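S.K.: Contents of my_file-v4.txt (compact mmCIF, C-alpha atoms) are given next:
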```
# COMPACT_ATOMS: atom_id res chain seq x y z
CA MET A 1 47.29 85.04 78.62
CA ARG A 2 49.67 87.29 80.50
CA THR A 3 50.51 90.65 79.01
CA LEU A 4 53.45 91.46 81.26
CA ALA A 5 56.27 88.99 81.79
CA ALA A 6 58.29 88.80 84.94
CA THR A 7 61.95 89.65 84.54
CA SER A 8 62.78 86.07 85.47
CA LEU A 9 60.78 82.93 86.06
CA TRP A 10 62.61 82.60 89.39
CA ARG A 11 60.21 85.31 90.59
CA ASP A 12 57.12 83.68 89.09
CA ARG A 13 55.32 81.79 91.88
CA GLN A 14 53.00 79.93 89.49
CA PHE A 15 55.91 78.62 87.44
CA ARG A 16 57.87 77.66 90.57
CA ILE A 17 54.94 75.58 91.80
CA PHE A 18 54.67 73.72 88.50
CA TRP A 19 58.45 73.36 88.28
CA SER A 20 58.53 71.68 91.68
CA ALA A 21 55.78 69.28 90.59
CA GLN A 22 57.66 68.40 87.41
CA GLY A 23 61.00 67.99 89.19
CA VAL A 24 59.71 65.62 91.87
CA SER A 25 57.77 63.45 89.43
CA GLU A 26 60.79 63.25 87.08
CA PHE A 27 62.93 61.83 89.90
CA GLY A 28 60.16 59.37 90.71
CA ASP A 29 60.05 58.28 87.07
CA ARG A 30 63.75 57.39 87.14
CA ILE A 31 63.07 54.99 90.04
CA THR A 32 60.27 53.22 88.17
CA GLU A 33 62.27 53.02 84.93
CA LEU A 34 64.90 51.08 86.86
CA ALA A 35 62.56 49.13 89.13
CA LEU A 36 60.09 47.72 86.58
CA PRO A 37 62.63 45.72 84.51
CA LEU A 38 64.44 44.65 87.70
CA ILE A 39 61.18 43.29 89.10
CA ALA A 40 60.57 41.40 85.86
CA VAL A 41 64.07 39.92 85.78
CA THR A 42 64.82 39.25 89.46
CA LEU A 43 61.39 38.40 90.89
CA LEU A 44 59.52 36.95 87.90
CA ASN A 45 62.45 35.40 85.94
CA ALA A 46 61.44 37.18 82.75
CA SER A 47 63.16 36.24 79.50
CA PRO A 48 64.83 38.86 77.27
CA SER A 49 61.82 38.83 74.94
CA GLN A 50 59.47 39.40 77.89
CA VAL A 51 61.57 42.34 79.06
CA GLY A 52 61.46 43.67 75.51
CA LEU A 53 57.67 43.42 75.53
CA LEU A 54 57.63 45.34 78.81
CA THR A 55 59.64 48.15 77.16
CA ALA A 56 57.25 48.13 74.20
CA ALA A 57 54.26 48.32 76.58
CA VAL A 58 55.65 51.53 78.08
CA TRP A 59 55.65 53.24 74.66
CA LEU A 60 52.52 51.58 73.26
CA PRO A 61 50.01 54.25 74.44
CA ASN A 62 51.82 56.88 72.39
CA LEU A 63 50.35 55.30 69.26
CA ALA A 64 46.96 56.58 70.45
CA SER A 65 48.26 60.05 71.27
CA LEU A 66 46.54 61.70 68.31
CA PHE A 67 43.11 60.55 69.47
CA ILE A 68 43.82 61.26 73.12
CA GLY A 69 45.06 64.74 72.23
CA THR A 70 41.96 65.35 70.08
CA TRP A 71 39.73 64.41 73.02
CA VAL A 72 41.76 66.60 75.39
CA ASP A 73 41.41 69.60 73.04
CA GLN A 74 37.65 69.56 73.59
CA ARG A 75 38.13 70.19 77.33
CA ARG A 76 38.09 73.86 78.27
CA ASP A 77 40.19 73.49 81.42
CA LYS A 78 43.17 71.17 81.00
CA ARG A 79 44.32 71.37 84.62
CA PRO A 80 41.80 68.80 86.00
CA LEU A 81 42.97 66.33 83.34
CA MET A 82 46.58 66.78 84.45
CA ILE A 83 45.59 66.22 88.09
CA ALA A 84 43.55 63.13 87.16
CA ALA A 85 46.49 61.76 85.15
CA ASP A 86 48.83 62.17 88.13
CA LEU A 87 46.38 60.52 90.53
CA SER A 88 45.76 57.67 88.06
CA ARG A 89 49.48 56.95 87.86
CA MET A 90 49.70 57.02 91.64
CA VAL A 91 46.90 54.42 92.01
CA VAL A 92 48.29 52.20 89.25
CA LEU A 93 51.75 52.18 90.79
CA LEU A 94 50.41 51.49 94.29
CA SER A 95 48.93 48.23 92.97
CA LEU A 96 52.44 46.88 92.41
CA PRO A 97 53.77 46.81 96.01
CA ALA A 98 50.30 45.69 97.14
CA ALA A 99 50.45 42.68 94.80
CA TYR A 100 54.02 41.99 95.93
CA TRP A 101 53.04 41.89 99.60
CA LEU A 102 50.07 39.65 98.79
CA ASP A 103 52.28 37.35 96.68
CA LEU A 104 50.09 38.01 93.61
CA LEU A 105 52.65 39.74 91.38
CA THR A 106 52.70 38.59 87.73
CA LEU A 107 54.20 39.71 84.43
CA GLY A 108 50.70 40.44 83.18
CA GLN A 109 50.31 43.02 85.94
CA LEU A 110 53.60 44.66 84.96
CA TYR A 111 52.41 44.93 81.35
CA ALA A 112 49.10 46.41 82.53
CA ILE A 113 50.89 48.91 84.78
CA ALA A 114 53.16 49.96 81.91
CA ILE A 115 50.22 50.50 79.53
CA LEU A 116 47.93 52.26 82.03
CA ALA A 117 50.66 54.51 83.42
CA GLY A 118 51.79 55.25 79.87
CA THR A 119 48.26 56.21 78.86
CA ALA A 120 47.98 58.60 81.82
CA HIS A 121 51.35 60.04 80.82
CA VAL A 122 50.03 60.75 77.31
CA VAL A 123 46.91 62.46 78.75
CA PHE A 124 49.11 64.64 80.97
CA ASN A 125 51.46 65.60 78.14
CA THR A 126 48.74 66.45 75.63
CA ALA A 127 46.94 68.58 78.23
CA TYR A 128 50.23 70.23 79.20
CA ALA A 129 50.80 71.42 75.62
CA SER A 130 47.85 73.81 75.99
CA PHE A 131 48.43 74.50 79.68
CA PHE A 132 52.05 75.59 79.17
CA VAL A 133 51.21 78.66 77.05
CA ARG A 134 48.98 79.93 79.86
CA LEU A 135 51.54 79.27 82.54
CA VAL A 136 54.23 81.47 80.94
CA SER A 137 54.22 84.25 78.34
CA GLN A 138 55.72 83.81 74.87
CA ASP A 139 58.88 85.78 75.68
CA GLN A 140 59.54 83.26 78.47
CA PHE A 141 59.07 80.08 76.39
CA LEU A 142 62.83 79.56 76.00
CA GLU A 143 63.62 80.21 79.66
CA ALA A 144 60.79 77.96 80.84
CA ASN A 145 61.75 75.09 78.50
CA SER A 146 65.38 75.49 79.54
CA LYS A 147 64.55 75.24 83.25
CA LEU A 148 62.18 72.29 82.82
CA SER A 149 64.69 70.48 80.60
CA ALA A 150 67.47 71.15 83.12
CA THR A 151 65.44 69.53 85.89
CA ARG A 152 64.82 66.50 83.69
CA SER A 153 68.52 66.25 82.92
CA ILE A 154 69.39 66.40 86.63
CA SER A 155 66.94 63.56 87.24
CA PHE A 156 68.78 61.46 84.66
CA MET A 157 72.09 62.24 86.37
CA ALA A 158 71.11 61.55 89.98
CA GLY A 159 67.89 59.56 89.62
CA PRO A 160 69.35 56.16 88.60
CA ALA A 161 71.94 56.28 91.39
CA VAL A 162 69.39 57.26 94.04
CA GLY A 163 66.92 54.77 92.61
CA GLY A 164 69.50 51.99 92.70
CA LEU A 165 70.23 52.65 96.37
CA LEU A 166 66.52 52.75 97.23
CA ILE A 167 65.89 49.52 95.33
CA GLN A 168 68.83 47.84 97.08
CA TRP A 169 67.65 49.12 100.46
CA LEU A 170 63.87 48.78 100.14
CA THR A 171 63.52 46.21 97.28
CA ALA A 172 62.20 47.24 93.88
CA PRO A 173 58.44 46.89 94.54
CA VAL A 174 58.64 48.99 97.71
CA ALA A 175 60.76 51.64 95.98
CA ILE A 176 57.85 52.10 93.55
CA LEU A 177 56.05 53.76 96.49
CA ILE A 178 58.43 56.73 96.06
CA ASP A 179 57.26 57.28 92.49
CA ALA A 180 53.61 56.91 93.56
CA ALA A 181 54.21 59.58 96.22
CA SER A 182 55.84 61.85 93.62
CA PHE A 183 52.65 61.79 91.53
CA ALA A 184 50.58 62.62 94.60
CA PHE A 185 52.85 65.64 95.20
CA SER A 186 52.56 66.67 91.54
CA ALA A 187 48.75 66.48 91.68
CA ILE A 188 48.69 68.65 94.79
CA GLN A 189 51.00 71.25 93.24
CA VAL A 190 49.10 71.40 89.94
CA SER A 191 45.84 71.84 91.89
CA ARG A 192 47.33 74.99 93.46
CA LEU A 193 47.89 76.65 90.08
CA ARG A 194 45.54 79.35 88.82
CA THR A 195 45.88 79.90 85.09
CA PRO A 196 43.42 81.17 82.47
CA VAL A 197 41.47 78.40 80.76
CA ALA A 198 41.50 77.82 77.01
CA GLU A 199 38.55 78.31 74.73
CA PRO A 200 37.69 74.88 73.30
CA ASP A 201 37.27 74.33 69.58
CA PRO A 202 33.55 74.86 68.93
CA ALA A 203 33.53 72.31 66.09
CA THR A 204 31.06 69.44 66.46
CA GLU A 205 32.79 66.86 64.25
CA SER A 206 33.42 63.30 65.41
CA LEU A 207 36.60 62.37 67.24
CA LEU A 208 37.96 60.70 64.10
CA ARG A 209 37.35 63.76 61.91
CA ARG A 210 38.91 66.04 64.51
CA ALA A 211 41.93 63.73 64.78
CA ARG A 212 42.33 63.78 60.99
CA ALA A 213 42.08 67.57 61.08
CA GLY A 214 44.83 67.67 63.73
CA MET A 215 47.16 65.47 61.69
CA GLY A 216 46.35 67.48 58.57
CA TYR A 217 47.19 70.69 60.42
CA VAL A 218 50.62 69.28 61.29
CA LEU A 219 51.34 68.00 57.79
CA ARG A 220 50.30 71.27 56.11
CA HIS A 221 52.08 73.56 58.58
CA PRO A 222 55.56 74.38 57.18
CA TYR A 223 57.19 74.60 60.62
CA LEU A 224 55.45 71.59 62.16
CA ARG A 225 55.82 69.31 59.13
CA SER A 226 59.57 69.86 58.99
CA SER A 227 60.10 69.59 62.73
CA LEU A 228 58.07 66.36 62.91
CA GLY A 229 60.04 64.78 60.06
CA CYS A 230 63.34 65.86 61.62
CA ALA A 231 62.50 64.69 65.16
CA THR A 232 61.04 61.37 63.96
CA THR A 233 64.14 60.61 61.88
CA VAL A 234 66.38 61.43 64.83
CA ASN A 235 64.35 59.21 67.17
CA PHE A 236 64.19 56.25 64.80
CA PHE A 237 67.94 56.08 64.20
CA ASN A 238 68.80 56.99 67.79
CA PHE A 239 66.78 54.04 69.12
CA ILE A 240 68.50 51.71 66.66
CA GLY A 241 71.73 52.42 68.54
CA SER A 242 70.52 53.18 72.06
CA ALA A 243 68.68 49.85 72.25
CA LEU A 244 72.07 48.12 72.02
CA LEU A 245 74.31 50.59 73.85
CA VAL A 246 74.31 48.84 77.25
CA LEU A 247 74.91 45.49 75.53
CA TYR A 248 77.76 47.01 73.51
CA ALA A 249 79.35 48.62 76.57
CA SER A 250 79.22 45.36 78.50
CA ARG A 251 80.24 42.82 75.83
CA ASN A 252 82.25 44.76 73.26
CA LEU A 253 83.88 47.38 75.49
CA GLU A 254 84.06 44.87 78.38
CA LEU A 255 83.09 47.46 80.99
CA SER A 256 81.65 46.51 84.38
CA ALA A 257 78.13 47.49 85.36
CA GLY A 258 79.50 50.04 87.82
CA THR A 259 81.74 51.62 85.19
CA ILE A 260 78.85 51.79 82.72
CA GLY A 261 76.67 53.47 85.33
CA VAL A 262 79.33 56.06 86.14
CA ALA A 263 79.90 56.74 82.43
CA PHE A 264 76.18 57.24 81.86
CA GLY A 265 75.93 59.48 84.92
CA ILE A 266 78.80 61.67 83.73
CA GLY A 267 77.34 61.69 80.25
CA ALA A 268 73.94 62.80 81.55
CA SER A 269 75.54 65.99 82.85
CA GLY A 270 75.84 67.03 79.20
CA GLY A 271 72.06 67.24 79.06
CA LEU A 272 71.98 69.55 82.07
CA ILE A 273 74.66 71.84 80.63
CA GLY A 274 72.91 71.78 77.24
CA ALA A 275 69.58 72.74 78.81
CA LEU A 276 71.19 75.70 80.56
CA ALA A 277 73.16 76.73 77.47
CA ALA A 278 70.32 76.41 74.94
CA ALA A 279 68.78 79.84 75.58
CA PRO A 280 72.03 81.86 75.35
CA LEU A 281 73.16 79.81 72.33
CA THR A 282 69.83 80.53 70.66
CA ARG A 283 70.41 84.25 71.14
CA LEU A 284 73.96 83.86 69.83
CA ILE A 285 73.44 81.87 66.62
CA GLY A 286 69.65 81.80 66.20
CA ALA A 287 67.01 79.19 67.01
CA GLY A 288 66.93 77.58 63.56
CA ARG A 289 70.68 77.11 63.29
CA LEU A 290 70.92 75.71 66.81
CA ILE A 291 68.18 73.18 66.05
CA ALA A 292 70.08 72.11 62.92
CA VAL A 293 73.39 71.77 64.80
CA GLY A 294 71.68 69.69 67.49
CA ALA A 295 70.07 67.47 64.85
CA VAL A 296 73.52 66.68 63.42
CA VAL A 297 75.61 66.33 66.58
CA PHE A 298 73.11 64.33 68.67
CA PRO A 299 73.00 61.18 66.48
CA ALA A 300 76.66 61.49 65.46
CA ALA A 301 77.89 61.35 69.07
CA ILE A 302 77.31 57.60 69.45
CA ALA A 303 80.11 56.98 66.91
CA LEU A 304 82.62 57.94 69.63
CA ALA A 305 81.59 54.86 71.58
CA ALA A 306 81.52 52.69 68.45
CA PHE A 307 85.17 53.52 67.67
CA ALA A 308 86.39 53.14 71.28
CA SER A 309 89.38 50.89 71.94
CA GLY A 310 92.44 50.72 74.18
CA PRO A 311 92.67 50.55 77.98
CA VAL A 312 89.57 50.37 80.14
CA TRP A 313 89.74 54.05 81.13
CA VAL A 314 89.89 55.08 77.45
CA ARG A 315 86.87 52.93 76.56
CA ALA A 316 84.93 54.24 79.55
CA THR A 317 85.88 57.82 78.71
CA ALA A 318 84.73 57.36 75.11
CA LEU A 319 81.37 56.04 76.32
CA ALA A 320 80.96 58.95 78.76
CA ALA A 321 82.00 61.45 76.06
CA ALA A 322 79.47 60.02 73.59
CA GLU A 323 76.71 60.34 76.19
CA PHE A 324 77.85 63.83 77.26
CA ILE A 325 78.01 65.25 73.72
CA GLY A 326 74.76 63.56 72.73
CA GLY A 327 73.01 64.85 75.87
CA PHE A 328 74.26 68.40 75.27
CA ALA A 329 73.24 68.31 71.61
CA VAL A 330 69.75 66.90 72.19
CA MET A 331 68.97 69.79 74.56
CA CYS A 332 70.22 72.28 71.96
CA PHE A 333 67.76 70.56 69.61
CA ASP A 334 64.78 70.15 71.97
CA VAL A 335 64.69 73.43 73.88
CA PRO A 336 64.48 75.87 70.93
CA LEU A 337 62.31 73.47 68.90
CA ASN A 338 59.77 73.11 71.73
CA ALA A 339 59.70 76.89 72.18
CA LEU A 340 59.27 77.42 68.42
CA GLN A 341 56.39 74.94 68.27
CA ALA A 342 54.66 76.62 71.22
CA ALA A 343 54.85 79.93 69.33
CA VAL A 344 53.39 78.75 65.99
CA ILE A 345 50.56 76.39 67.02
CA HIS A 346 47.00 77.71 67.15
CA ASP A 347 45.48 77.57 70.64
CA GLN A 348 42.64 75.24 69.71
CA MET A 349 45.05 72.74 68.11
CA ARG A 350 47.74 72.39 70.78
CA SER A 351 46.68 69.08 72.33
CA ARG A 352 45.88 67.55 68.94
CA VAL A 353 49.28 68.62 67.62
CA SER A 354 50.98 67.22 70.72
CA GLY A 355 49.09 63.97 70.16
CA ALA A 356 50.01 63.82 66.48
CA PHE A 357 53.67 64.36 67.33
CA SER A 358 53.68 61.70 70.04
CA SER A 359 51.89 59.18 67.83
CA ILE A 360 54.59 59.43 65.17
CA ASN A 361 57.66 60.73 66.99
CA TYR A 362 57.38 58.42 70.02
CA GLY A 363 55.57 55.67 68.17
CA VAL A 364 58.61 55.14 65.96
CA ARG A 365 60.88 54.43 68.95
CA PRO A 366 59.87 50.78 69.49
CA LEU A 367 60.29 50.22 65.74
CA GLY A 368 63.81 51.66 65.91
CA ALA A 369 64.65 49.39 68.85
CA VAL A 370 63.38 46.30 66.98
CA VAL A 371 65.35 47.24 63.85
CA GLY A 372 68.44 47.80 66.00
CA GLY A 373 68.12 44.35 67.52
CA LEU A 374 67.76 42.72 64.10
CA LEU A 375 70.72 44.65 62.65
CA GLY A 376 72.82 43.87 65.70
CA THR A 377 72.20 40.15 65.21
CA TRP A 378 72.76 40.29 61.46
CA LEU A 379 75.65 42.77 61.07
CA GLY A 380 77.11 43.11 64.56
CA VAL A 381 76.59 45.56 67.40
CA ARG A 382 79.43 47.97 66.53
CA GLU A 383 78.30 48.17 62.92
CA THR A 384 74.73 48.86 64.05
CA LEU A 385 75.90 51.76 66.22
CA LEU A 386 77.62 53.27 63.20
CA ILE A 387 74.46 52.87 61.11
CA SER A 388 72.56 54.60 63.91
CA SER A 389 75.05 57.47 63.90
CA ALA A 390 75.17 57.90 60.12
CA GLY A 391 71.44 57.45 59.58
CA GLY A 392 70.61 60.08 62.17
CA LEU A 393 72.41 62.68 60.07
CA LEU A 394 69.61 62.40 57.50
CA ALA A 395 67.35 64.26 59.95
CA VAL A 396 68.90 67.62 59.10
CA LEU A 397 67.68 67.28 55.50
CA TRP A 398 64.18 68.07 56.77
CA LEU A 399 65.45 71.48 57.87
CA VAL A 400 67.51 72.49 54.84
CA ARG A 401 64.59 73.90 52.83
CA SER A 402 62.25 74.59 55.74
CA PRO A 403 61.52 78.03 57.25
CA ILE A 404 62.85 76.72 60.58
CA ILE A 405 66.46 77.21 59.51
CA GLN A 406 65.81 80.93 58.96
CA VAL A 407 64.35 81.58 62.43
CA ARG A 408 66.57 83.84 64.50
CA ASP A 409 64.30 84.46 67.49
CA LEU A 410 60.68 83.74 68.36
CA SER A 411 59.39 87.29 68.65
CA GLY A 412 57.90 87.47 65.17
CA LEU A 413 56.38 84.00 65.08
CA GLN A 414 52.60 83.65 65.23
CA PRO A 415 50.10 80.82 64.67
CA PRO A 416 48.40 80.84 61.24
CA ASP A 417 45.02 82.50 60.94
```
Output the structure of this file as structure tokens.

M.R.:
Amino acid sequence: MRTLAATSLWRDRQFRIFWSAQGVSEFGDRITELALPLIAVTLLNASPSQVGLLTAAVWLPNLASLFIGTWVDQRRDKRPLMIAADLSRMVVLLSLPAAYWLDLLTLGQLYAIAILAGTAHVVFNTAYASFFVRLVSQDQFLEANSKLSATRSISFMAGPAVGGLLIQWLTAPVAILIDAASFAFSAIQVSRLRTPVAEPDPATESLLRRARAGMGYVLRHPYLRSSLGCATTVNFFNFIGSALLVLYASRNLELSAGTIGVAFGIGASGGLIGALAAAPLTRLIGAGRLIAVGAVVFPAAIALAAFASGPVWVRATALAAAEFIGGFAVMCFDVPLNALQAAVIHDQMRSRVSGAFSSINYGVRPLGAVVGGLLGTWLGVRETLLISSAGGLLAVLWLVRSPIIQVRDLSGLQPPD
């Protein structure tokens, strides 16, 4: 672990190398997120239920995150795992254009690609949880999370537009090659990093016992228990509404696909601004209060779209405003919360904690999407968006009596003995 922090991560060569790897792979991800469903719909004539299964397949590996993270924690050096995960995703994605050129492409292959790439993504993320605290020092957690989140937000702003042009120009299967290349670049960059390795947990228990210990650690930890409950509640209700947002914008607001895309692109800029503003806002009002504000504003923002009416430009503006405010708020929630978690987790538990979080926090997303679809059919799409907005406000209740709300800065936070 470093003892002296650089005045700015702009001057930190190790962080810049990793940042470039993350930025390139994020842009590649945006291409695949657009290309996979387009391939299913346009080339394989997939039904709505089949497209829904494809979305579920992407998130399915997160249900095993606890066990994957427990296995990762036993590895002393996490960097080779991250490189292997990147190379695995590259190979998996390369199979898609190959099958397309050989006229062997099937929906079953798309499901397999989604699951295998998703599993590699979980391995990378659980290994990264331990790797991150060796890449930057604790007093740089906020700055590092802010910069990484800003890059991700930029990818959501520009990525879909660039991806759409590439797909139109190259066709969707060929555009997947760009994402495969991005993972090759990420693997090369991560291989150039030289960071101290972690000491593995010397315990000899079985994988199941270690996984149970990891989940128990989260549920007993006052900071982690509250943050997991808050984030899971936000995600569940958010996916109830977000699963129907494109449908609502098209059918209820009667906006064209181009207008929806522009509104989403403008809205995504809120995430970028939020990522850049999170660190100074944390210093201004405190980490705990900013997390609480983000937990309230993020789910509430979708109500702006639900109440939209009037001329086309007003409806489009309301949609863009909902996305902008929600994107800004979610970064004010994520950036300080991620930094806080990095400060309070014991070194030997980081990957297991990351796995426990992903199993529950990401695992609840498909459930929220399914509930949203059922509510939309039963009550109506607009009403479901309002339920999503109101229900998300319950997330802040997890913070009201937790020590998180009292946290001003991260300097005094330490993992438990």

S.K.: Calculated over all atoms listed in the file, which of the candidates A:Phe183, A:Phe328, A:Phe307, A:Tyr100 has the smallest distance to Ser149 in chain A?

M.R.: A:Phe328

S.K.: For Phe357 in chain A, which residue out of A:Ile83, A:Ile325, A:Cys230, A:Leu165 is the nearest one, using all atoms listed in the file?

M.R.: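 The answer is A:Cys230, which sits nearest to Phe357 in chain A.
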
S.K.: My list of candidates is A:Phe185, A:Trp101, A:Trp169, A:Phe124. Which is closest to Ala21 in chain A when distances are computed with only C-alpha atoms?

M.R.: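 Result for the nearest residue to Ala21 in chain A: A:Phe185.
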
S.K.: Would you pick out the contacts of range 8-20 of chain A at 12 Å or less, using all atoms listed in the file, so that residues sharing its chain but fewer than 3 positions from it are not included, and give the list as a ChimeraX atom specification?

M.R.: /A:2,4-5,23-27,79,82-83,128,131-137,139-152,182-183,185-196

S.K.: Which distance in Å separates CA of Gly28 in chain A and CA of Ala320 in chain A, to one decimal?

M.R.: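 Rounded to one decimal, the two atoms are 24.0 Å apart.
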